[in-house]
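Novice: I am sharing upload.txt, which consists of compact mmCIF, C-alpha atoms:
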# COMPACT_ATOMS: atom_id res chain seq x y z
CA HIS A 282 19.50 18.01 -4.85
CA LEU A 283 23.05 16.78 -4.11
CA GLU A 284 22.08 16.32 -0.47
CA TYR A 285 19.18 14.11 -1.58
CA LEU A 286 21.42 12.07 -3.90
CA ARG A 287 23.87 11.39 -1.09
CA TRP A 288 20.97 10.41 1.18
CA ARG A 289 19.46 8.22 -1.51
CA ASN A 290 22.69 6.39 -2.27
CA ARG A 291 23.10 5.58 1.42
CA HIS A 292 19.52 4.83 2.28
CA LEU A 293 17.61 3.70 -0.82
CA LYS A 294 14.07 2.77 0.17
CA PRO A 295 11.67 0.43 -1.65
CA ILE A 296 8.88 2.19 -3.52
CA SER A 297 5.28 1.19 -2.86
CA ILE A 298 2.07 2.42 -4.49
CA GLN A 299 -1.26 3.21 -2.86
CA LEU A 300 -3.60 1.14 -5.00
CA TYR A 301 -6.33 3.77 -4.71
CA THR A 302 -4.25 5.48 -7.42
CA VAL A 303 -5.19 2.78 -9.96
CA ARG A 304 -8.68 2.06 -8.58
CA GLU A 305 -10.44 2.43 -11.94
CA ALA A 306 -8.19 -0.10 -13.69
CA ALA A 307 -8.23 -2.37 -10.63
CA ALA A 308 -12.03 -2.41 -10.58
CA GLN A 309 -11.94 -3.84 -14.12
CA ASP A 310 -8.98 -6.22 -13.70
CA PHE A 311 -7.26 -6.24 -10.33
CA PRO A 312 -4.81 -9.10 -11.05
CA GLY A 313 -3.86 -7.55 -14.39
CA THR A 314 -3.34 -4.15 -12.77
CA LEU A 315 -1.07 -5.68 -10.11
CA ARG A 316 0.98 -7.32 -12.87
CA LYS A 317 1.42 -3.94 -14.58
CA ILE A 318 2.52 -2.37 -11.27
CA ALA A 319 5.13 -5.09 -10.77
CA GLU A 320 6.35 -4.75 -14.38
CA ILE A 321 6.99 -1.04 -13.81
CA GLY A 322 9.26 -1.98 -10.91
CA TYR A 323 7.27 -1.23 -7.75
CA LYS A 324 8.42 -3.38 -4.85
CA ALA A 325 5.31 -3.11 -2.69
CA VAL A 326 1.65 -2.16 -2.62
CA GLU A 327 -0.52 -0.32 -0.15
CA TYR A 328 -3.98 -1.83 -0.23
CA ALA A 329 -7.24 0.11 -0.51
CA GLY A 330 -9.76 -2.71 -0.90
CA LEU A 331 -9.55 -5.94 -2.87
CA HIS A 332 -12.16 -5.34 -5.62
CA GLY A 333 -14.11 -8.50 -4.85
CA HIS A 334 -11.11 -10.81 -4.67
CA GLY A 335 -10.13 -12.92 -1.67
CA PRO A 336 -7.09 -11.92 0.41
CA LYS A 337 -5.40 -15.33 -0.06
CA GLU A 338 -5.62 -15.05 -3.85
CA ILE A 339 -4.24 -11.51 -3.90
CA ALA A 340 -1.52 -12.20 -1.33
CA LYS A 341 -0.23 -15.10 -3.43
CA LEU A 342 -0.27 -13.05 -6.62
CA VAL A 343 1.55 -10.11 -5.01
CA SER A 344 4.18 -12.49 -3.61
CA ASP A 345 4.55 -14.31 -6.94
CA LEU A 346 5.11 -10.92 -8.60
CA GLY A 347 7.99 -10.20 -6.22
CA MET A 348 6.17 -7.53 -4.25
CA LYS A 349 5.22 -7.11 -0.59
CA ALA A 350 2.46 -5.40 1.35
CA SER A 351 3.85 -2.14 2.70
CA SER A 352 0.60 -1.13 4.38
CA SER A 353 -3.18 -0.98 4.03
CA HIS A 354 -5.88 1.66 4.31
CA THR A 355 -8.91 0.34 6.18
CA GLY A 356 -11.79 1.57 8.26
CA LEU A 357 -10.86 2.68 11.75
CA PRO A 358 -10.20 -0.37 13.98
CA THR A 359 -12.63 -0.47 16.89
CA GLU A 360 -13.60 -3.16 19.39
CA GLU A 361 -16.26 -4.28 16.93
CA THR A 362 -14.21 -4.22 13.72
CA VAL A 363 -10.64 -5.05 14.71
CA GLY A 364 -11.06 -8.83 14.49
CA ALA A 365 -12.12 -8.81 10.85
CA ILE A 366 -9.54 -6.18 9.91
CA VAL A 367 -6.52 -7.94 11.41
CA GLU A 368 -7.64 -11.30 10.02
CA THR A 369 -7.63 -9.93 6.47
CA GLU A 370 -4.39 -7.99 6.93
CA ALA A 371 -2.60 -11.02 8.36
CA ILE A 372 -3.54 -13.03 5.27
CA LEU A 373 -2.26 -10.17 3.09
CA GLY A 374 1.04 -10.22 4.98
CA ASN A 375 0.55 -6.66 6.16
CA THR A 376 1.30 -5.26 9.63
CA ARG A 377 0.67 -1.51 9.07
CA ILE A 378 -2.97 -0.44 9.24
CA ILE A 379 -3.87 3.14 8.30
CA SER A 380 -7.03 5.20 8.62
CA GLY A 381 -8.15 8.78 9.10
CA PHE A 382 -11.07 11.16 9.56
CA GLY A 383 -12.79 13.81 7.47
CA PRO A 384 -12.70 17.51 8.37
CA ASP A 385 -15.89 17.38 10.45
CA ALA A 386 -14.04 15.34 13.09
CA PHE A 387 -11.72 18.26 13.86
CA LYS A 388 -14.04 21.25 14.24
CA THR A 389 -13.17 22.00 17.88
CA ALA A 390 -10.38 21.32 20.36
CA ASP A 391 -12.57 18.76 22.15
CA ALA A 392 -13.38 17.05 18.85
CA VAL A 393 -9.69 16.78 18.01
CA LYS A 394 -8.97 15.17 21.39
CA GLU A 395 -11.87 12.77 20.86
CA ALA A 396 -10.48 11.79 17.45
CA ALA A 397 -7.02 11.31 18.96
CA ALA A 398 -8.48 9.03 21.64
CA LYS A 399 -10.04 6.88 18.89
CA PHE A 400 -6.70 6.73 17.08
CA ASN A 401 -4.89 5.73 20.26
CA LYS A 402 -7.49 3.04 20.97
CA ALA A 403 -7.02 1.69 17.43
CA SER A 404 -3.27 1.54 18.06
CA GLU A 405 -3.82 -0.45 21.27
CA LEU A 406 -6.23 -2.85 19.57
CA VAL A 407 -4.00 -3.76 16.62
CA LYS A 408 -0.85 -3.93 18.76
CA LYS A 409 -2.29 -7.02 20.45
CA HIS A 410 -2.11 -8.69 17.03
CA GLY A 411 1.47 -7.64 16.27
CA MET A 412 0.42 -4.75 14.05
CA THR A 413 0.77 -0.97 14.14
CA PHE A 414 -1.74 1.77 13.42
CA GLY A 415 -1.12 5.01 11.58
CA MET A 416 -2.98 8.14 10.53
CA HIS A 417 -3.17 9.42 6.97
CA ASN A 418 -3.70 13.17 6.68
CA HIS A 419 -5.33 15.54 4.23
CA TRP A 420 -5.04 19.33 4.28
CA TRP A 421 -7.53 19.91 7.08
CA GLU A 422 -5.14 18.49 9.70
CA PHE A 423 -3.05 21.61 9.02
CA ASP A 424 -5.75 23.98 10.14
CA GLU A 425 -4.90 25.51 13.50
CA ILE A 426 -6.65 25.30 16.86
CA ASP A 427 -5.31 27.42 19.72
CA GLY A 428 -2.26 28.28 17.62
CA LYS A 429 -1.32 24.65 16.91
CA TYR A 430 -1.73 22.48 13.86
CA ILE A 431 -4.42 19.85 14.38
CA TYR A 432 -1.81 17.38 13.08
CA ASP A 433 0.54 18.23 15.97
CA ILE A 434 -2.24 17.91 18.53
CA LEU A 435 -3.21 14.49 17.18
CA LEU A 436 0.36 13.19 17.34
CA ALA A 437 0.78 14.48 20.88
CA GLU A 438 -2.54 13.06 22.07
CA ALA A 439 -2.09 9.67 20.33
CA PRO A 440 1.51 8.71 21.16
CA ASP A 441 1.16 5.06 20.08
CA MET A 442 0.17 6.02 16.54
CA PHE A 443 2.52 6.52 13.60
CA SER A 444 1.99 9.07 10.83
CA GLU A 445 1.84 8.31 7.14
CA LEU A 446 2.40 11.91 6.06
CA ASP A 447 0.77 12.87 2.78
CA VAL A 448 3.30 15.46 1.70
CA TYR A 449 1.14 17.05 -1.02
CA TRP A 450 -1.84 17.65 1.27
CA THR A 451 0.56 19.02 3.87
CA ALA A 452 1.74 21.63 1.36
CA PHE A 453 -1.82 22.25 0.17
CA GLY A 454 -2.67 23.01 3.80
CA HIS A 455 0.01 25.74 3.73
CA ALA A 456 2.52 23.87 5.91
CA ASP A 457 6.11 23.13 4.85
CA PRO A 458 6.44 19.38 4.16
CA VAL A 459 10.22 19.46 4.69
CA GLU A 460 9.75 21.07 8.09
CA VAL A 461 6.94 18.70 9.09
CA VAL A 462 8.92 15.62 8.04
CA SER A 463 12.03 16.81 9.84
CA LYS A 464 10.14 17.63 13.05
CA ASN A 465 8.28 14.30 13.14
CA LYS A 466 10.80 11.95 11.52
CA SER A 467 10.69 9.50 14.44
CA ARG A 468 6.97 8.89 13.73
CA LEU A 469 7.20 8.48 9.93
CA PRO A 470 7.82 4.91 8.70
CA LEU A 471 5.86 5.72 5.52
CA LEU A 472 5.64 8.83 3.35
CA HIS A 473 2.83 9.40 0.87
CA ILE A 474 4.70 10.94 -2.03
CA LYS A 475 2.22 12.90 -4.12
CA ASP A 476 2.81 15.88 -6.41
CA GLY A 477 0.75 18.54 -8.13
CA MET A 478 0.35 22.24 -8.84
CA LEU A 479 -1.13 23.29 -5.46
CA GLU A 480 -4.07 25.06 -7.09
CA GLU A 481 -6.84 25.97 -4.66
CA GLY A 482 -9.99 23.95 -5.23
CA LYS A 483 -8.39 21.76 -7.90
CA HIS A 484 -7.60 18.29 -6.60
CA VAL A 485 -5.86 16.74 -9.59
CA HIS A 486 -2.24 15.69 -9.38
CA THR A 487 0.79 15.20 -11.58
CA ALA A 488 3.32 12.43 -11.84
CA VAL A 489 5.77 12.70 -8.95
CA GLY A 490 8.51 15.13 -9.96
CA SER A 491 6.29 17.11 -12.34
CA GLY A 492 4.58 19.35 -9.80
CA LYS A 493 5.45 22.05 -7.28
CA LEU A 494 6.84 19.96 -4.42
CA ASP A 495 10.56 19.66 -3.69
CA ILE A 496 10.48 15.87 -3.51
CA PRO A 497 14.25 15.38 -2.97
CA ALA A 498 14.29 17.75 0.01
CA ILE A 499 11.17 16.17 1.51
CA ILE A 500 12.53 12.62 1.37
CA ALA A 501 15.96 13.72 2.56
CA ALA A 502 14.34 15.20 5.69
CA ALA A 503 13.16 11.74 6.81
CA ASP A 504 15.09 9.52 9.21
CA PRO A 505 16.50 6.65 7.11
CA ASN A 506 16.46 4.43 10.18
CA VAL A 507 12.69 4.96 10.58
CA LEU A 508 11.40 5.40 7.02
CA GLU A 509 10.65 2.01 5.49
CA TYR A 510 8.71 2.75 2.31
CA VAL A 511 8.12 5.65 -0.05
CA VAL A 512 4.50 5.30 -1.16
CA VAL A 513 3.31 6.90 -4.41
CA GLU A 514 -0.29 8.11 -4.43
CA LEU A 515 -2.14 10.19 -7.01
CA ASP A 516 -5.81 10.81 -6.26
CA ALA A 517 -6.66 11.99 -9.77
CA CYS A 518 -4.58 12.99 -12.78
CA GLU A 519 -5.19 14.97 -15.98
CA THR A 520 -2.89 12.62 -17.89
CA ASP A 521 -3.22 8.85 -18.27
CA MET A 522 -3.00 7.45 -14.73
CA MET A 523 -0.87 4.39 -15.52
CA GLN A 524 1.58 6.59 -17.42
CA ALA A 525 1.77 8.89 -14.41
CA VAL A 526 2.43 5.84 -12.22
CA LYS A 527 5.29 4.83 -14.53
CA ASP A 528 6.69 8.36 -14.65
CA SER A 529 6.55 8.64 -10.85
CA TYR A 530 8.56 5.43 -10.46
CA ARG A 531 11.12 6.53 -13.05
CA TYR A 532 11.54 9.90 -11.36
CA LEU A 533 12.05 8.43 -7.90
CA THR A 534 14.63 5.94 -9.19
CA SER A 535 16.43 8.29 -11.58
If you convert what's in this file into structure tokens, what do you get?
Specialist:
Amino acid sequence: HLEYLRWRNRHLKPISIQLYTVREAAAQDFPGTLRKIAEIGYKAVEYAGLHGHGPKEIAKLVSDLGMKASSSHTGLPTEETVGAIVETEAILGNTRIISGFGPDAFKTADAVKEAAAKFNKASELVKKHGMTFGMHNHWWEFDEIDGKYIYDILLAEAPDMFSELDVYWTAFGHADPVEVVSKNKSRLPLLHIKDGMLEEGKHVHTAVGSGKLDIPAIIAAADPNVLEYVVVELDACETDMMQAVKDSYRYLTS
């Protein structure tokens, strides 16, 4: 813990939130939800859809609230979709585009290479627009093929892509998040900081700091010259979600 505190004092990073976390509240009142996020103290947001609002309207509100766009989860950029994606993200003031695949995309070694080729193509497409592309993982990227994590194969086969490591799903996949962060720190400008009890088959989470993960050690393993944002994400929570969002922020800044 002392190692983390020294790291934190030298390299404090702004805290963002993946807005999928508050999707139910946002579906009812997206502007009001963004105001609550800013009041808690979050300095950035990671988009996951705009709930029927226009990007200009939301970009202005986020800016007026003193926040920035850290990143955005979108569909996979392809030749057909990249134009619309980068147009929206440019209006939002975002340059980091993130996507991923479900477990069926990684069933065989050839399938993994095919997925990596799509990721690399997405990286090339958005780079032309001054943006970068990254992969978000779940636990299935930490299955093994030929003695290697699928995650490692994907990073090796898609060298232009960054990783937004979801540290909870990494642990749920029986890998060590500290080790994975340390090994790949040059590819990690964003960390998805998620916590929970690591119970098989139970995909609910806790406020960051209330679960099983060693959050200080995980963040301290990152390269402070590469890591730009710590991004809170909770997929589902047994407690009130907005309270968990508050508690996560308080923990990370305490």
Novice: Choose the residue, out of A:Lys493, A:Asn375, A:Asp391, A:Val513, that has the smallest atom-to-atom separation from Leu300 of chain A; count only C-alpha atoms.
Specialist: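 Ranking A:Lys493, A:Asn375, A:Asp391, A:Val513 by distance to Leu300 of chain A, first place goes to A:Val513.
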Novice: What are the closest atom pairs, with distances in Å to one decimal, for each residue of segment 408-506 of chain A lying within 6 Å of segment 377-386 of chain A, using all atoms listed in the file, rows by chain and rising residue number, as JSON lines?
Specialist:
{"residue": "A:Met412", "atom": "CA", "partner": "A:Arg377", "partner_atom": "CA", "distance": 5.9}
{"residue": "A:Thr413", "atom": "CA", "partner": "A:Arg377", "partner_atom": "CA", "distance": 5.1}
{"residue": "A:Phe414", "atom": "CA", "partner": "A:Ile378", "partner_atom": "CA", "distance": 4.9}
{"residue": "A:Gly415", "atom": "CA", "partner": "A:Ile379", "partner_atom": "CA", "distance": 4.7}
{"residue": "A:Met416", "atom": "CA", "partner": "A:Ser380", "partner_atom": "CA", "distance": 5.4}
{"residue": "A:His417", "atom": "CA", "partner": "A:Gly381", "partner_atom": "CA", "distance": 5.5}
{"residue": "A:Trp421", "atom": "CA", "partner": "A:Pro384", "partner_atom": "CA", "distance": 5.8}
Novice: With all atoms listed in the file as the basis for distance, which of A:Glu320, A:Glu445, A:Asp516, A:Asp345 is at the shortest distance from Asn418 of chain A?
Specialist: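 Using all atoms listed in the file, the shortest distance to Asn418 of chain A belongs to A:Glu445.
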Novice: Find the residue from A:Asp424, A:Glu368, A:Glu284, A:Asp441 that sits nearest to Phe400 of chain A; use only C-alpha atoms when measuring.
Specialist: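 The shortest atom-to-atom distance to Phe400 of chain A comes from A:Asp441.
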Novice: To one decimal place, how far is atom CA of Thr359 of chain A from atom CA of Leu435 of chain A in Å?
Specialist: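 Computing the Euclidean distance for atom CA of Thr359 of chain A and atom CA of Leu435 of chain A yields 17.7 Å.
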Novice: Could you check the closest approach to Leu342 of chain A for each of A:His419, A:His354, A:Lys475, A:Arg316 and tell me which residue wins, using only C-alpha atoms?
Specialist: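 Looking only at the distances to Leu342 of chain A, the closest residue turns out to be A:Arg316.
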Novice: When you draw a straight line from atom CA of His473 of chain A to atom CA of Lys349 of chain A, how long is it in Å?
Specialist: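 It comes out at 16.7 Å.
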Novice: Set the distance at 7 Å and use all atoms listed in the file: which residues neighbour segment 480-486 of chain A once local chain neighbours fewer than 6 positions away are removed? I'd like the list as a list in words.
Specialist: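 Skipping anything fewer than 6 positions along the chain leaves Leu515, Asp516, Ala517, Cys518 and Glu519 of chain A.
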Novice: Can you measure atom CA of Ile431 of chain A to atom CA of Lys464 of chain A for me? One decimal in Å is fine.
Specialist: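 Result for atom CA of Ile431 of chain A versus atom CA of Lys464 of chain A: 14.8 Å, one decimal.
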Novice: Which residue, A:Gly347, A:Gly356, A:Gly477, A:Pro440, has the smallest gap to Ala319 of chain A when you use only C-alpha atoms?
Specialist: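 Residue with the minimum atom-to-atom distance to Ala319 of chain A: A:Gly347.
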Novice: I need the residue nearest Ser297 of chain A from this list: A:Lys317, A:Lys394, A:Lys324, A:Lys399. Use all atoms listed in the file for the distance.
Specialist: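 Of A:Lys317, A:Lys394, A:Lys324, A:Lys399, the one nearest Ser297 of chain A, counting all atoms listed in the file, is A:Lys324.
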Novice: Show which residues sit within 9 Å of Leu373 of chain A, as an mmCIF file with C-alpha atoms, keeping the file's coordinate frame. Count all atoms listed in the file, and ignore same-chain residues fewer than 3 positions away.
Specialist:
data_model
loop_
_atom_site.group_PDB
_atom_site.id
_atom_site.type_symbol
_atom_site.label_atom_id
_atom_site.label_comp_id
_atom_site.auth_asym_id
_atom_site.auth_seq_id
_atom_site.Cartn_x
_atom_site.Cartn_y
_atom_site.Cartn_z
ATOM 1 C CA PRO A 336 -7.090 -11.920 0.410
ATOM 2 C CA LYS A 337 -5.400 -15.330 -0.060
ATOM 3 C CA ILE A 339 -4.240 -11.510 -3.900
ATOM 4 C CA ALA A 340 -1.520 -12.200 -1.330
ATOM 5 C CA LYS A 341 -0.230 -15.100 -3.430
ATOM 6 C CA VAL A 343 1.550 -10.110 -5.010
ATOM 7 C CA LYS A 349 5.220 -7.110 -0.590
ATOM 8 C CA ALA A 350 2.460 -5.400 1.350
ATOM 9 C CA GLU A 368 -7.640 -11.300 10.020
ATOM 10 C CA THR A 369 -7.630 -9.930 6.470
ATOM 11 C CA GLU A 370 -4.390 -7.990 6.930
ATOM 12 C CA THR A 376 1.300 -5.260 9.630
#
Novice: Might you pull out every residue within 12 Å of Asp457 of chain A, with only C-alpha atoms counted and same-chain residues fewer than 5 positions away left off, and present them as JSON, numbers by chain?
Specialist: {"A": [420, 423, 430, 446, 447, 448, 449, 450, 451, 452, 462, 463, 464, 494, 495, 496, 498, 499, 502]}
Novice: Tell me which residues come within 10 Å of (6.7, 3.2, 1.4), as an mmCIF file with C-alpha atoms, in the frame of the given file, counting only C-alpha atoms in the file's coordinates.
Specialist:
data_model
loop_
_atom_site.group_PDB
_atom_site.id
_atom_site.type_symbol
_atom_site.label_atom_id
_atom_site.label_comp_id
_atom_site.auth_asym_id
_atom_site.auth_seq_id
_atom_site.Cartn_x
_atom_site.Cartn_y
_atom_site.Cartn_z
ATOM 1 C CA LYS A 294 14.070 2.770 0.170
ATOM 2 C CA PRO A 295 11.670 0.430 -1.650
ATOM 3 C CA ILE A 296 8.880 2.190 -3.520
ATOM 4 C CA SER A 297 5.280 1.190 -2.860
ATOM 5 C CA ILE A 298 2.070 2.420 -4.490
ATOM 6 C CA GLN A 299 -1.260 3.210 -2.860
ATOM 7 C CA LYS A 324 8.420 -3.380 -4.850
ATOM 8 C CA ALA A 325 5.310 -3.110 -2.690
ATOM 9 C CA VAL A 326 1.650 -2.160 -2.620
ATOM 10 C CA GLU A 327 -0.520 -0.320 -0.150
ATOM 11 C CA ALA A 350 2.460 -5.400 1.350
ATOM 12 C CA SER A 351 3.850 -2.140 2.700
ATOM 13 C CA SER A 352 0.600 -1.130 4.380
ATOM 14 C CA GLU A 445 1.840 8.310 7.140
ATOM 15 C CA PRO A 470 7.820 4.910 8.700
ATOM 16 C CA LEU A 471 5.860 5.720 5.520
ATOM 17 C CA LEU A 472 5.640 8.830 3.350
ATOM 18 C CA HIS A 473 2.830 9.400 0.870
ATOM 19 C CA ILE A 474 4.700 10.940 -2.030
ATOM 20 C CA LEU A 508 11.400 5.400 7.020
ATOM 21 C CA GLU A 509 10.650 2.010 5.490
ATOM 22 C CA TYR A 510 8.710 2.750 2.310
ATOM 23 C CA VAL A 511 8.120 5.650 -0.050
ATOM 24 C CA VAL A 512 4.500 5.300 -1.160
ATOM 25 C CA VAL A 513 3.310 6.900 -4.410
#
Novice: Would you give the centre and edge lengths, in Å to one decimal, of a box along x, y and z around the listed atoms of segment 480-497 of chain A, with 8 Å added to each side, as lines of an AutoDock Vina configuration file?
Specialist:
center_x = 2.1
center_y = 19.2
center_z = -7.7
size_x = 40.2
size_y = 29.5
size_z = 25.4
